[in-house]
Structure formats: structure tokens, C-alpha cells
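Colleague: Got target-v3.txt for you, compact mmCIF, C-alpha atoms:
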# COMPACT_ATOMS: atom_id res chain seq x y z
CA MET A 1 10.15 3.53 -22.28
CA GLU A 2 8.25 0.26 -21.66
CA MET A 3 11.43 -1.40 -20.35
CA ALA A 4 12.10 1.56 -18.02
CA SER A 5 8.53 1.49 -16.77
CA SER A 6 8.68 -2.26 -16.14
CA ALA A 7 11.96 -1.87 -14.26
CA MET A 8 10.49 0.85 -12.04
CA THR A 9 7.43 -1.31 -11.33
CA CYS A 10 9.66 -4.23 -10.40
CA ASN A 11 11.86 -2.04 -8.22
CA LEU A 12 8.80 -0.58 -6.49
CA ALA A 13 7.40 -4.04 -5.78
CA VAL A 14 10.72 -5.14 -4.23
CA LEU A 15 11.02 -1.93 -2.19
CA LEU A 16 7.43 -2.17 -1.03
CA ALA A 17 7.88 -5.76 0.12
CA ALA A 18 11.03 -4.80 2.06
CA VAL A 19 9.47 -1.74 3.70
CA MET A 20 6.30 -3.62 4.65
CA ALA A 21 8.34 -6.48 6.10
CA ALA A 22 10.38 -4.06 8.19
CA ALA A 23 7.24 -2.36 9.49
CA LEU A 24 5.59 -5.65 10.37
CA SER A 25 8.71 -6.97 12.12
CA THR A 26 8.20 -4.58 15.05
CA PRO A 27 6.35 -6.12 18.01
CA SER A 28 3.58 -3.49 18.01
CA MET A 29 2.80 -4.21 14.37
CA ALA A 30 3.18 -7.98 14.53
CA GLN A 31 0.71 -8.23 17.42
CA HIS A 32 -1.85 -5.88 15.92
CA PRO A 33 -5.40 -7.25 15.64
CA LEU A 34 -5.96 -6.29 11.99
CA GLN A 35 -5.54 -9.06 9.43
CA TYR A 36 -4.72 -9.28 5.75
CA ASN A 37 -7.42 -10.92 3.60
CA PHE A 38 -9.81 -10.41 6.51
CA TYR A 39 -12.90 -10.90 4.32
CA SER A 40 -11.62 -13.91 2.36
CA SER A 41 -14.34 -16.18 3.71
CA THR A 42 -17.16 -13.74 4.60
CA CYS A 43 -17.04 -11.50 1.51
CA PRO A 44 -14.20 -12.58 -0.78
CA GLN A 45 -15.10 -10.02 -3.46
CA ALA A 46 -15.09 -7.06 -1.04
CA GLU A 47 -11.74 -5.53 -1.94
CA ALA A 48 -12.28 -6.00 -5.67
CA MET A 49 -15.65 -4.27 -5.42
CA VAL A 50 -14.15 -1.37 -3.51
CA ARG A 51 -11.37 -1.11 -6.09
CA ASN A 52 -13.78 -1.15 -9.04
CA VAL A 53 -16.12 1.49 -7.64
CA THR A 54 -13.27 3.68 -6.42
CA GLU A 55 -11.57 3.53 -9.80
CA GLY A 56 -14.81 4.49 -11.53
CA ILE A 57 -15.31 7.44 -9.19
CA ILE A 58 -11.78 8.74 -9.78
CA ARG A 59 -11.95 8.22 -13.54
CA LYS A 60 -15.10 10.36 -13.55
CA ASP A 61 -13.62 13.04 -11.28
CA ARG A 62 -9.83 12.95 -10.86
CA THR A 63 -9.95 15.17 -7.76
CA MET A 64 -11.62 12.39 -5.79
CA GLY A 65 -8.41 10.42 -5.25
CA ALA A 66 -7.04 13.15 -3.02
CA ALA A 67 -10.41 13.60 -1.33
CA LEU A 68 -10.53 9.94 -0.28
CA VAL A 69 -6.94 9.89 1.00
CA ARG A 70 -7.58 13.06 3.00
CA LEU A 71 -10.80 11.62 4.42
CA PHE A 72 -8.91 8.55 5.62
CA PHE A 73 -6.23 10.72 7.23
CA HIS A 74 -8.82 12.79 9.09
CA ASP A 75 -10.70 9.68 10.19
CA CYS A 76 -7.61 8.02 11.64
CA PHE A 77 -6.33 11.09 13.47
CA VAL A 78 -9.62 11.65 15.31
CA ARG A 79 -10.73 8.68 17.47
CA GLY A 80 -8.69 6.31 15.33
CA CYS A 81 -9.70 4.66 12.05
CA ASP A 82 -13.33 3.99 13.02
CA ALA A 83 -15.32 5.85 10.32
CA SER A 84 -16.44 8.44 12.89
CA ILE A 85 -15.67 11.18 10.35
CA LEU A 86 -18.46 9.79 8.14
CA LEU A 87 -21.34 10.20 10.61
CA ASP A 88 -23.96 12.84 9.83
CA PRO A 89 -25.28 15.13 12.56
CA SER A 90 -28.42 13.79 14.24
CA SER A 91 -30.95 14.96 16.81
CA SER A 92 -28.99 13.15 19.50
CA ASN A 93 -25.61 14.41 18.21
CA PRO A 94 -25.89 17.64 16.20
CA SER A 95 -22.13 18.36 16.35
CA THR A 96 -20.27 15.52 14.64
CA GLU A 97 -16.73 15.62 13.28
CA LYS A 98 -17.83 16.49 9.76
CA LYS A 99 -19.31 19.75 11.06
CA ALA A 100 -15.83 20.87 12.18
CA ILE A 101 -14.11 20.78 8.81
CA ALA A 102 -15.11 20.91 5.15
CA LEU A 103 -14.10 17.65 3.49
CA ARG A 104 -15.09 15.96 0.24
CA GLY A 105 -15.62 12.29 -0.54
CA TYR A 106 -18.60 11.43 1.66
CA ASP A 107 -20.88 10.65 -1.28
CA ALA A 108 -18.14 8.53 -2.83
CA VAL A 109 -17.80 6.43 0.33
CA ASN A 110 -21.58 6.02 0.51
CA GLN A 111 -21.57 4.84 -3.11
CA ILE A 112 -18.84 2.28 -2.42
CA LYS A 113 -20.59 1.08 0.73
CA ALA A 114 -23.88 0.62 -1.14
CA ALA A 115 -22.19 -1.59 -3.74
CA VAL A 116 -20.50 -3.73 -1.11
CA GLU A 117 -23.60 -3.90 1.08
CA ALA A 118 -25.68 -5.15 -1.85
CA ALA A 119 -23.37 -8.16 -2.21
CA CYS A 120 -22.46 -8.76 1.44
CA PRO A 121 -24.98 -7.11 3.77
CA GLY A 122 -23.74 -6.34 7.27
CA VAL A 123 -20.24 -7.71 6.72
CA VAL A 124 -17.77 -5.03 5.61
CA SER A 125 -17.30 -2.04 7.90
CA CYS A 126 -17.23 1.56 6.69
CA ALA A 127 -13.86 1.95 8.41
CA ASP A 128 -12.40 -0.82 6.24
CA ILE A 129 -14.09 0.53 3.12
CA LEU A 130 -12.45 3.91 3.69
CA ALA A 131 -9.06 2.27 4.25
CA PHE A 132 -9.41 0.22 1.05
CA ALA A 133 -10.57 3.27 -0.90
CA ALA A 134 -7.56 5.31 0.28
CA ARG A 135 -5.22 2.49 -0.76
CA ASP A 136 -6.94 2.21 -4.13
CA SER A 137 -6.74 5.97 -4.62
CA ALA A 138 -2.96 5.73 -4.35
CA ILE A 139 -3.00 2.99 -6.96
CA VAL A 140 -5.33 4.80 -9.36
CA SER A 141 -4.14 8.37 -8.84
CA GLY A 142 -0.48 7.62 -8.20
CA GLY A 143 0.30 4.58 -10.30
CA PHE A 144 1.31 2.61 -7.21
CA THR A 145 1.82 -1.12 -7.44
CA SER A 146 -1.08 -2.83 -5.66
CA PHE A 147 -0.35 -3.32 -1.96
CA ALA A 148 -2.19 -5.09 0.82
CA MET A 149 -4.25 -3.21 3.39
CA PRO A 150 -5.10 -5.17 6.55
CA ALA A 151 -8.70 -5.10 7.70
CA GLY A 152 -10.98 -6.02 10.57
CA ARG A 153 -11.78 -2.48 11.73
CA ARG A 154 -15.18 -1.90 13.27
CA ASP A 155 -17.24 1.28 13.01
CA GLY A 156 -17.47 3.62 15.97
CA ASN A 157 -20.66 5.06 17.44
CA VAL A 158 -19.20 8.36 18.64
CA SER A 159 -18.28 11.47 16.64
CA LYS A 160 -17.48 14.78 18.35
CA PHE A 161 -16.89 18.18 16.78
CA PHE A 162 -14.37 19.37 19.36
CA GLU A 163 -12.16 16.29 18.99
CA VAL A 164 -11.23 17.41 15.48
CA LEU A 165 -9.82 20.63 16.91
CA GLN A 166 -7.96 18.67 19.59
CA ASN A 167 -6.41 16.02 17.35
CA MET A 168 -5.84 17.30 13.81
CA PRO A 169 -2.44 18.83 13.03
CA SER A 170 -2.93 22.43 11.93
CA PRO A 171 -1.58 23.80 8.61
CA VAL A 172 0.13 26.52 10.68
CA PHE A 173 1.89 24.09 13.05
CA LYS A 174 5.62 24.48 13.57
CA LEU A 175 7.87 21.43 13.18
CA GLN A 176 7.96 20.32 16.81
CA ASP A 177 4.17 20.57 17.02
CA LEU A 178 3.84 18.41 13.92
CA ILE A 179 6.22 15.79 15.29
CA LYS A 180 4.36 15.78 18.61
CA SER A 181 0.97 15.48 16.86
CA PHE A 182 2.13 12.48 14.81
CA ALA A 183 3.88 10.87 17.78
CA ALA A 184 0.60 10.98 19.72
CA LYS A 185 -0.81 8.66 17.04
CA GLY A 186 2.17 6.29 17.03
CA LEU A 187 3.73 7.82 13.91
CA ASN A 188 7.30 9.10 13.70
CA ALA A 189 9.14 11.85 11.84
CA ASP A 190 9.69 9.60 8.83
CA ASP A 191 5.94 8.98 8.64
CA LEU A 192 5.31 12.72 8.89
CA VAL A 193 7.55 13.49 5.93
CA THR A 194 6.32 10.52 3.92
CA LEU A 195 2.60 11.13 4.40
CA SER A 196 3.02 14.84 3.71
CA GLY A 197 3.66 13.75 0.12
CA ALA A 198 -0.13 13.54 -0.19
CA HIS A 199 0.03 17.31 -0.64
CA SER A 200 1.20 16.57 -4.17
CA PHE A 201 -2.50 16.44 -5.03
CA GLY A 202 -5.74 17.79 -3.66
CA GLN A 203 -6.97 21.27 -2.87
CA ALA A 204 -6.89 23.83 -0.07
CA HIS A 205 -8.79 26.95 0.92
CA CYS A 206 -6.83 30.19 0.78
CA SER A 207 -7.67 30.85 4.42
CA SER A 208 -5.46 27.91 5.46
CA PHE A 209 -2.29 29.57 4.17
CA ASN A 210 -2.97 33.25 3.41
CA GLY A 211 -0.91 34.24 6.44
CA ARG A 212 2.04 33.39 4.19
CA LEU A 213 0.81 35.82 1.53
CA TYR A 214 -0.19 38.91 3.51
CA PRO A 215 0.80 41.54 4.36
CA SER A 216 3.81 40.36 2.36
CA VAL A 217 4.88 37.05 0.88
CA ASP A 218 6.67 34.74 3.33
CA PRO A 219 10.41 34.95 2.47
CA THR A 220 10.61 31.12 2.53
CA MET A 221 8.05 31.00 -0.30
CA ASN A 222 9.12 31.30 -3.93
CA ALA A 223 8.39 34.95 -4.80
CA THR A 224 6.83 34.19 -8.20
CA PHE A 225 4.75 31.41 -6.70
CA GLY A 226 3.57 33.71 -3.91
CA ALA A 227 2.73 36.54 -6.30
CA ALA A 228 0.60 34.20 -8.38
CA LEU A 229 -1.27 33.02 -5.28
CA ARG A 230 -2.00 36.62 -4.28
CA THR A 231 -3.91 37.06 -7.55
CA VAL A 232 -6.26 34.26 -6.47
CA CYS A 233 -6.38 34.53 -2.69
CA PRO A 234 -7.79 37.73 -1.18
CA ALA A 235 -6.28 39.37 1.86
CA PRO A 236 -7.73 38.37 5.24
CA GLY A 237 -10.70 40.48 6.26
CA SER A 238 -11.44 41.65 2.72
CA ASN A 239 -14.80 39.85 2.60
CA ALA A 240 -13.85 38.58 -0.84
CA GLY A 241 -14.56 34.92 -0.16
CA ASP A 242 -12.29 31.93 0.40
CA PRO A 243 -11.27 30.42 -2.95
CA VAL A 244 -9.95 26.91 -3.34
CA VAL A 245 -6.59 26.30 -5.03
CA ASN A 246 -4.63 23.19 -5.96
CA ASN A 247 -1.98 22.01 -3.50
CA ASN A 248 0.33 21.32 -6.42
CA ARG A 249 0.49 24.31 -8.76
CA VAL A 250 3.63 23.09 -10.53
CA THR A 251 2.62 19.82 -12.21
CA ASP A 252 -0.56 17.69 -12.48
CA PRO A 253 -2.62 18.61 -9.39
CA ASP A 254 -4.52 15.33 -9.40
CA THR A 255 -1.57 12.92 -9.36
CA LEU A 256 -0.17 11.51 -6.12
CA SER A 257 3.60 11.64 -6.54
CA ASN A 258 6.91 12.68 -5.04
CA GLN A 259 6.60 16.02 -6.86
CA TYR A 260 5.64 17.51 -3.50
CA TYR A 261 9.24 17.22 -2.30
CA SER A 262 10.64 19.08 -5.30
CA ASN A 263 8.00 21.75 -4.78
CA LEU A 264 8.99 21.96 -1.11
CA ARG A 265 12.67 22.37 -1.89
CA SER A 266 11.89 25.19 -4.33
CA GLY A 267 9.53 27.01 -1.94
CA GLN A 268 6.40 26.22 -3.95
CA VAL A 269 4.16 24.73 -1.24
CA LEU A 270 1.17 26.26 0.48
CA PHE A 271 1.21 25.60 4.20
CA VAL A 272 3.42 26.71 7.06
CA SER A 273 3.44 23.05 8.08
CA ASP A 274 4.82 22.08 4.67
CA GLN A 275 7.72 24.53 4.75
CA GLN A 276 8.57 23.50 8.31
CA LEU A 277 9.85 20.17 6.96
CA MET A 278 12.88 22.07 5.65
CA ASN A 279 13.75 23.56 9.04
CA THR A 280 16.31 21.00 10.23
CA THR A 281 19.15 19.24 8.47
CA ASP A 282 17.68 15.82 9.28
CA MET A 283 14.20 16.61 7.97
CA ALA A 284 15.56 18.37 4.88
CA ALA A 285 17.60 15.23 4.14
CA LYS A 286 14.44 13.12 4.28
CA VAL A 287 12.77 15.55 1.87
CA ALA A 288 15.74 15.36 -0.52
CA SER A 289 15.73 11.56 -0.39
CA ASN A 290 12.04 11.40 -1.32
CA ALA A 291 12.51 13.97 -4.09
CA ALA A 292 15.35 11.95 -5.62
CA ASP A 293 13.76 8.48 -5.67
CA PRO A 294 10.08 8.17 -6.63
CA ALA A 295 10.00 4.39 -6.26
CA ALA A 296 11.45 4.50 -2.74
CA TRP A 297 8.98 7.21 -1.73
CA MET A 298 6.04 5.20 -3.10
CA ALA A 299 7.10 2.19 -1.04
CA ARG A 300 7.45 4.36 2.06
CA PHE A 301 4.08 6.02 1.45
CA ALA A 302 2.29 2.68 1.04
CA ALA A 303 3.82 1.39 4.29
CA ALA A 304 3.01 4.63 6.14
CA LEU A 305 -0.59 4.53 4.90
CA VAL A 306 -0.96 0.99 6.23
CA LYS A 307 0.66 2.03 9.52
CA MET A 308 -1.69 5.01 9.84
CA GLY A 309 -4.61 2.67 9.19
CA ARG A 310 -3.82 0.84 12.44
CA ILE A 311 -4.35 3.87 14.70
CA GLN A 312 -6.69 3.14 17.64
CA VAL A 313 -8.84 0.71 15.69
CA LEU A 314 -11.93 -1.01 17.05
CA THR A 315 -11.91 -4.76 16.47
CA GLY A 316 -13.68 -7.92 17.59
CA THR A 317 -17.01 -7.03 19.20
CA ALA A 318 -16.21 -3.36 19.80
CA GLY A 319 -18.26 -0.90 17.79
CA GLU A 320 -20.41 -2.23 14.96
CA VAL A 321 -20.61 -2.78 11.21
CA ARG A 322 -22.87 0.01 9.99
CA LYS A 323 -25.56 -0.60 7.42
CA VAL A 324 -24.90 2.86 6.01
CA CYS A 325 -21.79 4.91 6.62
CA TYR A 326 -23.50 8.16 7.55
CA ALA A 327 -25.50 6.80 10.52
CA THR A 328 -25.15 4.30 13.32
CA ASN A 329 -27.38 1.23 13.36
CA SER A 330 -29.40 2.44 16.32
Translate this structure into C-alpha cells?
Modeller:
Amino acid sequence: MEMASSAMTCNLAVLLAAVMAAALSTPSMAQHPLQYNFYSSTCPQAEAMVRNVTEGIIRKDRTMGAALVRLFFHDCFVRGCDASILLDPSSSNPSTEKKAIALRGYDAVNQIKAAVEAACPGVVSCADILAFAARDSAIVSGGFTSFAMPAGRRDGNVSKFFEVLQNMPSPVFKLQDLIKSFAAKGLNADDLVTLSGAHSFGQAHCSSFNGRLYPSVDPTMNATFGAALRTVCPAPGSNAGDPVVNNNRVTDPDTLSNQYYSNLRSGQVLFVSDQQLMNTTDMAAKVASNAADPAAWMARFAAALVKMGRIQVLTGTAGEVRKVCYATNS
């Protein structure tokens, strides 16, 4: 078993290097303002501190890995990766992004920021801390080989409730809407399929998928799987609350893995947007490829996470480096 594990780790490292090199060979990536080892001279211990605190948080509560990855996804899709999702409502802006959707992980990011700020005050942005924490969550919760995450993002000063509704892909989106939503952020169909693998862990409210359960179970959903969900999720309009369930109800719900693709192929996924990935021959082939080769999927996921982390970033003198992640400096 040790030899097999070592071989997989080696294969993953080789695949990751190849996928990253291919991604960075494109002109748009090569000319991007983010840099690897960005804090090597200003706060050389920054990434190690983020890794240590993130690992401690996930070891204490294994659900936090998914929460941090999801938080990063939401941040990048609304206004770009600028930590705008982290801002609390204020008297001047009572309707920030976090008021539009219930997410977890804010306290974890504040904890990481406090540790980094104590060592290097005013140096490391919240946007970079969130990117590092998402990368480290993949490593801790998914067993990924360590991979580099470029940095140099600055924190934004604007956060608007309605922009979440305008920019986030919906769990009821059809395939073409999903592809269009990702394309608007510079991501392609491969990135869509690859990043959807994050639904191998984490949680969801019944209200985000109960249209597939009532009045009858969606025929594309595994009947046994659907029947089990109906015992947990009440019918719409029943005033019976909105329970939370695990995205992955087949294997470990707190492990980031390619299990999602096997679940998808067997009809054991929650969202309309998940099942839509099986709607064309080309997309179904991508799903099958990821299901068959965990090491290749991990390499693709790492590269896609880095690519997503480049969306509409603020760099140079744009924005600021916040002292705390939940409020701007002024």
C-alpha cells in the first residue's frame, strides 16, 4: 500500500506540473500580474502561517475545508478575487455580499488573518489569505500534493448584495447557462466540470434542490437516493424548515475527491446544475475521465483553482490591504 501511495503521489506531482505549465503557457496567464512567492521578502512566513492555522481549523472541524473552498469560489465570482465577500454590513453599506447568501468560514478567515497580521502587520491581503486557505483546504481535506498559489491580490472596498444574484451560477442552471456563467469569468467547460468536483464535500440546504424531490423524484436522480432525501427534506411550502444535508451522501462527506463524478454518473447528486453535466456526450466524457483517474482530476482541480484565483484581481495600488477582513480600513 505504501508503494502504491508513493506512486500516486509521484504521478500527481508530475501531472500537476504539466497541467500548471500548460495553463501558464497561454498569453493571458503568462502576462497576469499575480506572482508566485509574492511575500518572499515582505513576509516570508505568510504561506506557512496560513497553512498551519488552516490545518488546525480543519482538524478541529472537518467541514471547514469545504466552507473555505466555497467561500473562495463565491469571492472570485462576484467582483473578482478581492475579499469583498468577507465585508460585514456597515452603516454606509448595510447590504453587502454576505447578506445575500448564507456561507460559513468567515470566522476561520478572521482567525487566519489575525495570526498573519500579528507577524506581518499591513502586508498580506485578505484576498490572498482566502486564496491560500482554499489551496490548503484541498491539501488537508483532499490529500493533494502541495501546489503553488500566486499572490499579490489587493482587497476591494466595495461589496454589493445584488451583485451576488447577478454573478453567481444558480444550482438550478441548465448546462448552457452554466457554461455562459463560467465563460463570463474567463473559465471554460473543462474548468466547470473540474471545479464542480468540489461538490464531493460540503453541505447544501434542501431548498436549493427540493425541486428535484417534489412533487415526485426527478427521473434523472437515483430513486433510492431521492427517496432517502425526501425523508430529510420537507416539501416546499410545508413550513417545516430548511435542513442542511451533505453534498456527498455516498462516501466521506468531508473529503475533497473525484467521488463526485461517480456519484454524478449514478444519479446521486443534489443539484440540477450537477446533473446537467451529463447532458451532452462531450461533458459526460469529461465526467467519466475524472471519475476514472483521481490523480489526473486532482491535477486539473489544482490548476483550475489557481486559474479561478486570477479572476478580476486588484493589484499594485488598487484597493488596499485590510487590517481586518470584515471591514475596510476607512
Colleague: For Met149 (chain A), please output as number ranges by chain all residues within 8 Å (counting all atoms listed in the file; exclusion window: fewer than 5 positions along the same chain).
Modeller: A: 36, 131-132, 135, 306
Colleague: Sort by chain and increasing residue number a table of all residues of region 145-249 of chain A within 10 Å of region 56-78 of chain A, each with its closest pair of atoms and their distance in Å to one decimal, counting only C-alpha atoms, and write it as a tab-separated table.
Modeller:
residue	atom	partner	partner_atom	distance
A:Ser159	CA	A:Val78	CA	8.8
A:Lys160	CA	A:Val78	CA	9.0
A:Phe161	CA	A:Val78	CA	9.9
A:Phe162	CA	A:Val78	CA	9.9
A:Glu163	CA	A:Val78	CA	6.4
A:Val164	CA	A:Val78	CA	6.0
A:Leu165	CA	A:Val78	CA	9.1
A:Gln166	CA	A:Val78	CA	8.4
A:Asn167	CA	A:Val78	CA	5.8
A:Met168	CA	A:Phe77	CA	6.2
A:Pro169	CA	A:Phe77	CA	8.7
A:Ser181	CA	A:Phe77	CA	9.2
A:Phe182	CA	A:Phe77	CA	8.7
A:Ala184	CA	A:Phe77	CA	9.3
A:Lys185	CA	A:Phe77	CA	7.0
A:Leu195	CA	A:Phe73	CA	9.3
A:Ala198	CA	A:Ala66	CA	7.5
A:His199	CA	A:Ala66	CA	8.5
A:Ser200	CA	A:Ala66	CA	9.0
A:Phe201	CA	A:Ala66	CA	6.0
A:Gly202	CA	A:Ala66	CA	4.9
A:Gln203	CA	A:Ala66	CA	8.1
A:Asn246	CA	A:Thr63	CA	9.8
Colleague: Counting all atoms listed in the file, find the residues whose atoms lie at most 9 Å from (13.9, 15.7, 0.7) (file coordinates) and write them out as a compact mmCIF listing (two decimals) with C-alpha atoms, in the frame of the given file.
Modeller:
# COMPACT_ATOMS: atom_id res chain seq x y z
CA VAL A 193 7.55 13.49 5.93
CA TYR A 261 9.24 17.22 -2.30
CA SER A 262 10.64 19.08 -5.30
CA LEU A 264 8.99 21.96 -1.11
CA ARG A 265 12.67 22.37 -1.89
CA LEU A 277 9.85 20.17 6.96
CA MET A 278 12.88 22.07 5.65
CA MET A 283 14.20 16.61 7.97
CA ALA A 284 15.56 18.37 4.88
CA ALA A 285 17.60 15.23 4.14
CA LYS A 286 14.44 13.12 4.28
CA VAL A 287 12.77 15.55 1.87
CA ALA A 288 15.74 15.36 -0.52
CA SER A 289 15.73 11.56 -0.39
CA ASN A 290 12.04 11.40 -1.32
CA ALA A 291 12.51 13.97 -4.09
CA ALA A 292 15.35 11.95 -5.62
Colleague: Determine the nearest neighbour of Ser125 (chain A) from the options A:Asn93, A:Ser257, A:Thr194, A:Thr328, counting all atoms listed in the file.
Modeller: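 That would be A:Thr328, the residue with the smallest distance to Ser125 (chain A).
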Colleague: Restricting the calculation to only C-alpha atoms: of A:Leu192, A:Tyr260, A:Val250, A:Glu47, which residue gets closest to Ala148 (chain A)?
Modeller: A:Glu47
Colleague: What separation in Å, quoted to one decimal, exists between CA of Phe225 (chain A) and CA of Thr280 (chain A)?
Modeller: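 Separation between CA of Phe225 (chain A) and CA of Thr280 (chain A): 23.0 Å.
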Colleague: From the list A:Ala119, A:Leu34, A:Ile179, A:Val321, which residue is nearest Lys307 (chain A) when using all atoms listed in the file?
Modeller: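 Of all the options, A:Leu34 lies closest to Lys307 (chain A).
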Colleague: Taking into account all atoms listed in the file, which residue in the set A:Ser207, A:Ser95, A:Ser41, A:Ser238 is nearest to Leu270 (chain A)?
Modeller: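 Answer, going by the shortest atom-to-atom distance: A:Ser207.
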Colleague: Could you tell me which of A:Val53, A:Val269, A:Ala115, A:Ile101 comes closest to Gly197 (chain A) if we count all atoms listed in the file?
Modeller: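 Distance minimum relative to Gly197 (chain A) lands on A:Val269.
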Colleague: Closest to Ala189 (chain A) among A:Cys43, A:Ile85, A:Cys233, A:Asp282, using only C-alpha atoms?
Modeller: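 For Ala189 (chain A), the nearest of the candidates is A:Asp282.
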Colleague: Counting only C-alpha atoms, which residues sit no farther than 10 Å from the position (-17.5, 1.3, 6.2) in the file's frame? I'd like them as a ChimeraX atom specification.
Modeller: /A:82-84,86,109-110,112-114,116-117,122-132,153-155,320-326
Colleague: Quick one: pull the distance between CA of Thr54 (chain A) and CA of Asp107 (chain A), Å, one decimal.
Modeller: 11.5 Å
Colleague: May I ask for the distance between CA of Val140 (chain A) and CA of Gln259 (chain A), given in Å to one decimal place?
Modeller: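 Going from CA of Val140 (chain A) over to CA of Gln259 (chain A), I get 16.6 Å.
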Colleague: For region 134-143 of chain A, what centre and edge lengths in Å (one decimal) does the axis-aligned box get once 8 Å is added on each side of all its listed atoms, as AutoDock Vina command-line options?
Modeller:
--center_x -3.6 --center_y 5.3 --center_z -5.0 --size_x 23.9 --size_y 22.2 --size_z 26.6
Colleague: For Gly142 (chain A), find every residue with an atom within 6 Å (counting all atoms listed in the file), except residues of its own chain fewer than 2 positions away, and show them as a ChimeraX atom specification.
Modeller: /A:138-140,144,255-257
Colleague: Quick one: residues within 9 Å of Leu213 (chain A), all atoms listed in the file counted, chain neighbours fewer than 2 positions away excluded, as a ChimeraX atom specification?
Modeller: /A:209-211,215-218,221,226-227,229-230,233,235
